[in-house]
Amino acid sequence: MNVVDAMIADRLQKALRGTVRQNEPMARHTTWRVGGPAQLFIVPADADDLRIALEILAEADCPWHACGYGSNVLVRDGGINGAVIHTGYLRGLEIHPSGRIVAEAGVPLMVLVRRAVASGLAGVEALAGIPATIGGAVAMNAGAHGQAIGDGLKRVTICRKDGCREWPAEALEISRRHCLLPENGFILSAQLQLQPGDKNELARRMLEVLKTRRAAHYVGAANAGSVFRNPEQQAAWRLIDAAGLRGRRLGGAQVSEQHANFITNDGSATATEIETLMQEVAAAVAQHSGAQLEPEVRIWGELNMTGNV
Ligand SMILES: Cc1cc2nc3c(=O)[nH]c(=O)nc-3n(C[C@H](O)[C@H](O)[C@H](O)COP(=O)(O)OP(=O)(O)OC[C@H]3O[C@@H](n4cnc5c(N)ncnc54)[C@H](O)[C@@H]3O)c2cc1C
């Protein structure tokens, strides 16, 4: 189904100050470096642009995905019937001496972490090195080393077709790698409250975390981090390893030798190869240990190419 016609694209192009592209290859916008084209690729210039884009897309009944760094998504080879709204221009960041931080969705998480640490604010230093934007980090409740973005989160401004409003963090049912966004809600910005800390100690912790991450996560090829969620009381990588799948290859996709819960793309993989390998891994683990692995990565799009704009 082709849900985007040239008239919607034209309307968006006229109405927005940001970028509107057609048939944009999503391999350019995901860390796995795979994925067919999005029929529409929109980068709103600011909050007003975002609101207008959401309104036009809703009127045209055009589905959309919000996209940040693309480090937790697998876009299928057939591309996306609909729109991708990218947060690339939403980069406002305010850090107040009181520890209050207001960050727009497209701010790289690492920028926020560095600025917080340099300001002597504690609560996000262990998130250093997670490849994320603030929007993606909040949507996934990104976390590591016992810290998660949701810990210091107070309010989230969420836009929908009828406007933007603030939601208290408690309303979003934040839990491990989970955040319940209202339907068709796009995170515009997040407000965090951090605590005062010792700058030197925070910087030491941040560097330590980066070092650990480099050792554990450097897999030498394009990837999307952990592919599967950890089942209750178990580590997905251990289950995958125990099933003898470390190093398993399918075309250009491979279960990483360094980290068994990562699947790498050697540069030639298709999204179908990655997804099929994921299915093989989940089936082999279920057979070996009885554990059911659920994907942590979000899967978007169509298996086969469809007519585009
Ligand atoms: C090498 C590597 C290491 C990683 N390590 C970790 C780790 O230690 N801990 C961890 O938690 N994750 C980790 N990840 C996964 C990933 O970085 C996180 O899930 C991150 O939060 C995704 O952010 P993003 O900006 O890339 O979001 P995307 O991948 O672009 O999107 C992820 C989801 O968030 C939604 N989203 C994005 N922006 C918005 C928005 N503005 N409004 C509404 N929804 C939005 C998308 O629609 C999608 O459903 C790792 C990934 C890689 C590649």
# chains A, B, ... in the order shown; residues from 1 in each chain; ligands from 1
call {"tool": "select_by_dssp", "arguments": {"residues": "range 30-254 of chain A", "states": "strand (DSSP E or B)", "output": "PyMOL selection string"}}
result
chain A and resi 37-43+64-67+73-75+80-86+93-95+100-104+108+121-122+133+143-144+147-148+153-160+163-168+175+178+186-193+195-196+222+228+249-250+253-254
call {"tool": "residues_near_ligand", "arguments": {"ligand": "ligand 1", "cutoff": "7 Å", "atoms": "only C-alpha atoms and all ligand atoms", "output": "tab-separated table (two decimals) with N, CA, C and O atoms, in the first residue's frame"}}
result
chain	number	residue	atom	x	y	z
A	31	THR	N	21.87	2.69	13.01
A	31	THR	CA	23.25	2.26	13.29
A	31	THR	C	23.54	0.87	12.69
A	31	THR	O	24.70	0.50	12.55
A	65	HIS	N	6.79	7.24	12.19
A	65	HIS	CA	7.65	6.79	13.30
A	65	HIS	C	8.53	7.97	13.70
A	65	HIS	O	9.03	8.69	12.83
A	66	ALA	N	8.76	8.09	15.01
A	66	ALA	CA	9.76	9.07	15.47
A	66	ALA	C	11.11	8.39	15.43
A	66	ALA	O	11.23	7.22	15.80
A	67	CYS	N	12.12	9.12	14.99
A	67	CYS	CA	13.46	8.53	14.89
A	67	CYS	C	14.52	9.48	15.43
A	67	CYS	O	14.54	10.67	15.09
A	68	GLY	N	15.37	8.93	16.28
A	68	GLY	CA	16.49	9.72	16.79
A	68	GLY	C	17.77	9.27	16.13
A	68	GLY	O	17.96	9.44	14.93
A	69	TYR	N	18.61	8.61	16.93
A	69	TYR	CA	19.90	8.14	16.44
A	69	TYR	C	19.75	6.86	15.61
A	69	TYR	O	20.68	6.43	14.97
A	70	GLY	N	18.61	6.21	15.72
A	70	GLY	CA	18.38	4.97	14.97
A	70	GLY	C	19.21	3.81	15.49
A	70	GLY	O	19.54	2.88	14.75
A	71	SER	N	19.51	3.84	16.80
A	71	SER	CA	20.40	2.80	17.36
A	71	SER	C	19.62	1.65	17.96
A	71	SER	O	20.21	0.72	18.51
A	72	ASN	N	18.29	1.71	17.87
A	72	ASN	CA	17.50	0.62	18.42
A	72	ASN	C	16.40	0.19	17.46
A	72	ASN	O	15.38	-0.30	17.89
A	73	VAL	N	16.64	0.42	16.17
A	73	VAL	CA	15.62	0.04	15.19
A	73	VAL	C	16.19	-0.77	14.04
A	73	VAL	O	17.31	-0.53	13.59
A	87	THR	N	14.53	13.76	14.62
A	87	THR	CA	14.64	14.85	15.60
A	87	THR	C	15.91	15.68	15.43
A	87	THR	O	16.26	16.48	16.32
A	105	ALA	N	14.34	16.70	22.12
A	105	ALA	CA	14.45	15.28	21.76
A	105	ALA	C	15.72	14.93	20.98
A	105	ALA	O	16.24	13.83	21.12
A	130	ILE	N	26.10	5.60	25.66
A	130	ILE	CA	24.94	4.97	25.02
A	130	ILE	C	24.61	5.82	23.79
A	130	ILE	O	24.37	7.02	23.90
A	131	PRO	N	24.61	5.20	22.60
A	131	PRO	CA	24.36	6.00	21.40
A	131	PRO	C	22.87	6.33	21.30
A	131	PRO	O	22.09	5.50	20.84
A	132	ALA	N	22.48	7.49	21.75
A	132	ALA	CA	21.04	7.81	21.81
A	132	ALA	C	20.83	9.30	21.72
A	132	ALA	O	21.71	10.09	22.03
A	133	THR	N	19.63	9.67	21.31
A	133	THR	CA	19.16	11.03	21.48
A	133	THR	C	18.29	11.03	22.74
A	133	THR	O	17.91	9.96	23.23
A	134	ILE	N	17.93	12.21	23.21
A	134	ILE	CA	17.09	12.27	24.41
A	134	ILE	C	15.72	11.64	24.13
A	134	ILE	O	15.19	10.90	24.95
A	135	GLY	N	15.16	11.90	22.94
A	135	GLY	CA	13.85	11.30	22.60
A	135	GLY	C	13.91	9.78	22.65
A	135	GLY	O	13.06	9.13	23.27
A	136	GLY	N	14.93	9.21	22.01
A	136	GLY	CA	15.08	7.76	21.98
A	136	GLY	C	15.39	7.20	23.37
A	136	GLY	O	14.91	6.12	23.74
A	137	ALA	N	16.19	7.94	24.13
A	137	ALA	CA	16.57	7.47	25.48
A	137	ALA	C	15.33	7.43	26.37
A	137	ALA	O	15.12	6.48	27.12
A	138	VAL	N	14.48	8.46	26.27
A	138	VAL	CA	13.27	8.48	27.11
A	138	VAL	C	12.29	7.40	26.63
A	138	VAL	O	11.76	6.63	27.44
A	139	ALA	N	12.11	7.31	25.32
A	139	ALA	CA	11.16	6.31	24.78
A	139	ALA	C	11.56	4.89	25.17
A	139	ALA	O	10.69	4.03	25.36
A	140	MET	N	12.87	4.64	25.30
A	140	MET	CA	13.34	3.28	25.63
A	140	MET	C	13.74	3.18	27.10
A	140	MET	O	14.20	2.14	27.53
A	141	ASN	N	13.63	4.27	27.84
A	141	ASN	CA	14.20	4.35	29.19
A	141	ASN	C	15.60	3.74	29.20
A	141	ASN	O	15.89	2.76	29.91
A	142	ALA	N	16.49	4.34	28.39
A	142	ALA	CA	17.85	3.83	28.25
A	142	ALA	C	18.56	3.82	29.60
A	142	ALA	O	18.37	4.73	30.42
A	143	GLY	N	19.37	2.81	29.80
A	143	GLY	CA	20.08	2.72	31.08
A	143	GLY	C	21.28	1.82	31.00
A	143	GLY	O	21.44	1.05	30.06
A	144	ALA	N	22.13	1.97	31.99
A	144	ALA	CA	23.32	1.12	32.09
A	144	ALA	C	23.93	1.31	33.47
A	144	ALA	O	23.75	2.37	34.09
A	177	ARG	N	13.72	-0.38	30.42
A	177	ARG	CA	13.68	-0.22	28.95
A	177	ARG	C	12.25	-0.04	28.43
A	177	ARG	O	11.90	-0.53	27.36
A	185	GLY	N	2.09	9.79	20.17
A	185	GLY	CA	2.78	10.86	20.91
A	185	GLY	C	4.23	10.96	20.48
A	185	GLY	O	4.92	9.95	20.34
A	186	PHE	N	4.66	12.18	20.26
A	186	PHE	CA	6.04	12.44	19.85
A	186	PHE	C	6.70	13.24	20.97
A	186	PHE	O	6.21	14.30	21.37
A	187	ILE	N	7.80	12.74	21.50
A	187	ILE	CA	8.49	13.44	22.58
A	187	ILE	C	9.20	14.67	22.01
A	187	ILE	O	10.06	14.55	21.13
A	188	LEU	N	8.79	15.83	22.49
A	188	LEU	CA	9.45	17.07	22.05
A	188	LEU	C	10.64	17.37	22.95
A	188	LEU	O	11.72	17.74	22.50
A	217	HIS	N	31.53	-3.48	24.36
A	217	HIS	CA	30.64	-3.25	23.22
A	217	HIS	C	31.34	-3.01	21.90
A	217	HIS	O	30.69	-2.88	20.88
A	223	ASN	N	25.94	-2.24	14.25
A	223	ASN	CA	25.07	-3.06	15.11
A	223	ASN	C	24.03	-2.16	15.76
A	223	ASN	O	24.05	-0.94	15.58
A	224	ALA	N	23.14	-2.76	16.53
A	224	ALA	CA	22.11	-1.98	17.23
A	224	ALA	C	22.11	-2.33	18.72
A	224	ALA	O	21.07	-2.34	19.36
A	225	GLY	N	23.30	-2.63	19.23
A	225	GLY	CA	23.38	-2.97	20.66
A	225	GLY	C	22.67	-4.29	20.94
A	225	GLY	O	22.57	-5.16	20.05
A	226	SER	N	22.16	-4.41	22.14
A	226	SER	CA	21.51	-5.67	22.53
A	226	SER	C	20.24	-5.88	21.72
A	226	SER	O	19.35	-5.02	21.69
A	298	ARG	N	13.28	-2.27	17.92
A	298	ARG	CA	11.97	-2.08	17.28
A	298	ARG	C	12.10	-2.38	15.79
A	298	ARG	O	13.08	-1.96	15.17
call {"tool": "residues_around", "arguments": {"residues": "Asp48 in chain A", "least_positions_apart": "4", "cutoff": "10 Å", "atoms": "only C-alpha atoms", "output": "NGL selection string"}}
result
:A and (16-17 or 44 or 52-54 or 163-164)
call {"tool": "select_by_dssp", "arguments": {"residues": "range 4-199 of chain A", "states": "helix (DSSP H, G or I)", "output": "ChimeraX atom specification"}}
result
/A:6-15,26-29,47-59,109-118,125-127,134-140,149-152,169-172,199
call {"tool": "residues_around", "arguments": {"residues": "range 265-272 of chain A", "least_positions_apart": "6", "cutoff": "7 Å", "atoms": "only C-alpha atoms", "output": "PyMOL selection string"}}
result
chain A and resi 32+34-35+74-77+221-223+251-254
call {"tool": "closest_atom_pairs", "arguments": {"of": "range 154-253 of chain A", "to": "range 275-287 of chain A", "cutoff": "12 Å", "atoms": "only C-alpha atoms", "output": "CSV"}}
result
residue,atom,partner,partner_atom,distance
A:Ser226,CA,A:Met278,CA,11.4
A:Val227,CA,A:Met278,CA,7.9
A:Phe228,CA,A:Met278,CA,8.6
A:Arg229,CA,A:Ala282,CA,11.2
A:Pro231,CA,A:Val285,CA,11.7
A:Ala235,CA,A:Val285,CA,11.9
A:Ala236,CA,A:Val285,CA,9.2
A:Trp237,CA,A:Val285,CA,10.3
A:Arg238,CA,A:Val285,CA,10.0
A:Leu239,CA,A:Val285,CA,6.4
A:Ile240,CA,A:Val285,CA,6.1
A:Asp241,CA,A:Val285,CA,9.0
A:Ala242,CA,A:Val285,CA,8.2
A:Ala243,CA,A:Val285,CA,5.7
A:Gly244,CA,A:Ala284,CA,8.8
A:Leu245,CA,A:Val281,CA,7.0
A:Arg246,CA,A:Val281,CA,9.7
A:Gly247,CA,A:Val281,CA,11.2
A:Arg248,CA,A:Leu277,CA,8.3
A:Arg249,CA,A:Leu277,CA,7.7
A:Leu250,CA,A:Leu277,CA,6.3
A:Gly251,CA,A:Leu277,CA,9.4
A:Gly252,CA,A:Leu277,CA,10.3
A:Ala253,CA,A:Leu277,CA,7.3
call {"tool": "write_last_selection", "arguments": {"atoms": "C-alpha atoms", "output": "short mmCIF file (atom, residue, chain, number, x, y, z; two decimals), in the first residue's frame"}}
result
data_model
loop_
_atom_site.label_atom_id
_atom_site.label_comp_id
_atom_site.auth_asym_id
_atom_site.auth_seq_id
_atom_site.Cartn_x
_atom_site.Cartn_y
_atom_site.Cartn_z
CA SER A 226 21.51 -5.67 22.53
CA VAL A 227 19.05 -7.31 20.19
CA PHE A 228 16.98 -9.19 22.78
CA ARG A 229 15.62 -8.17 26.16
CA PRO A 231 14.32 -12.53 30.30
CA ALA A 235 21.04 -12.66 30.63
CA ALA A 236 20.09 -13.01 26.96
CA TRP A 237 23.76 -13.20 25.89
CA ARG A 238 24.36 -16.17 28.22
CA LEU A 239 21.37 -18.05 26.83
CA ILE A 240 22.53 -17.36 23.25
CA ASP A 241 26.05 -18.44 24.10
CA ALA A 242 24.85 -21.60 25.85
CA ALA A 243 22.86 -22.52 22.73
CA GLY A 244 26.13 -22.43 20.76
CA LEU A 245 25.14 -19.46 18.63
CA ARG A 246 28.07 -17.11 19.19
CA GLY A 247 29.54 -16.38 15.78
CA ARG A 248 26.52 -17.83 13.86
CA ARG A 249 26.36 -16.17 10.45
CA LEU A 250 23.65 -15.59 7.89
CA GLY A 251 24.88 -13.74 4.82
CA GLY A 252 26.36 -10.47 6.04
CA ALA A 253 24.74 -10.75 9.48
#
call {"tool": "residues_around", "arguments": {"residues": "range 203-205 of chain A", "least_positions_apart": "5", "cutoff": "8 Å", "atoms": "only C-alpha atoms", "output": "mmCIF file with C-alpha atoms, in the first residue's frame"}}
result
data_model
loop_
_atom_site.group_PDB
_atom_site.id
_atom_site.type_symbol
_atom_site.label_atom_id
_atom_site.label_comp_id
_atom_site.auth_asym_id
_atom_site.auth_seq_id
_atom_site.Cartn_x
_atom_site.Cartn_y
_atom_site.Cartn_z
ATOM 1 C CA VAL A 117 29.133 16.178 34.630
ATOM 2 C CA ALA A 118 30.928 19.463 33.845
ATOM 3 C CA GLU A 125 27.129 9.911 34.341
ATOM 4 C CA ALA A 126 26.716 6.124 33.959
#
call {"tool": "closest_atom_pairs", "arguments": {"of": "range 197-220 of chain A", "to": "range 119-124 of chain A", "cutoff": "10 Å", "atoms": "only C-alpha atoms", "output": "JSON lines"}}
result
{"residue": "A:Gly197", "atom": "CA", "partner": "A:Ala122", "partner_atom": "CA", "distance": 5.2}
{"residue": "A:Asp198", "atom": "CA", "partner": "A:Gly120", "partner_atom": "CA", "distance": 5.7}
{"residue": "A:Lys199", "atom": "CA", "partner": "A:Gly120", "partner_atom": "CA", "distance": 4.4}
{"residue": "A:Asn200", "atom": "CA", "partner": "A:Gly120", "partner_atom": "CA", "distance": 8.2}
{"residue": "A:Glu201", "atom": "CA", "partner": "A:Gly120", "partner_atom": "CA", "distance": 9.1}
{"residue": "A:Leu202", "atom": "CA", "partner": "A:Ala122", "partner_atom": "CA", "distance": 6.8}
{"residue": "A:Ala203", "atom": "CA", "partner": "A:Gly120", "partner_atom": "CA", "distance": 8.9}
{"residue": "A:Met206", "atom": "CA", "partner": "A:Val124", "partner_atom": "CA", "distance": 8.9}
call {"tool": "closest_residue", "arguments": {"among": "A:Lys154, A:Gln22, A:Ala171, A:Ser189", "to": "Arg91 in chain A", "atoms": "only C-alpha atoms"}}
result
A:Ser189
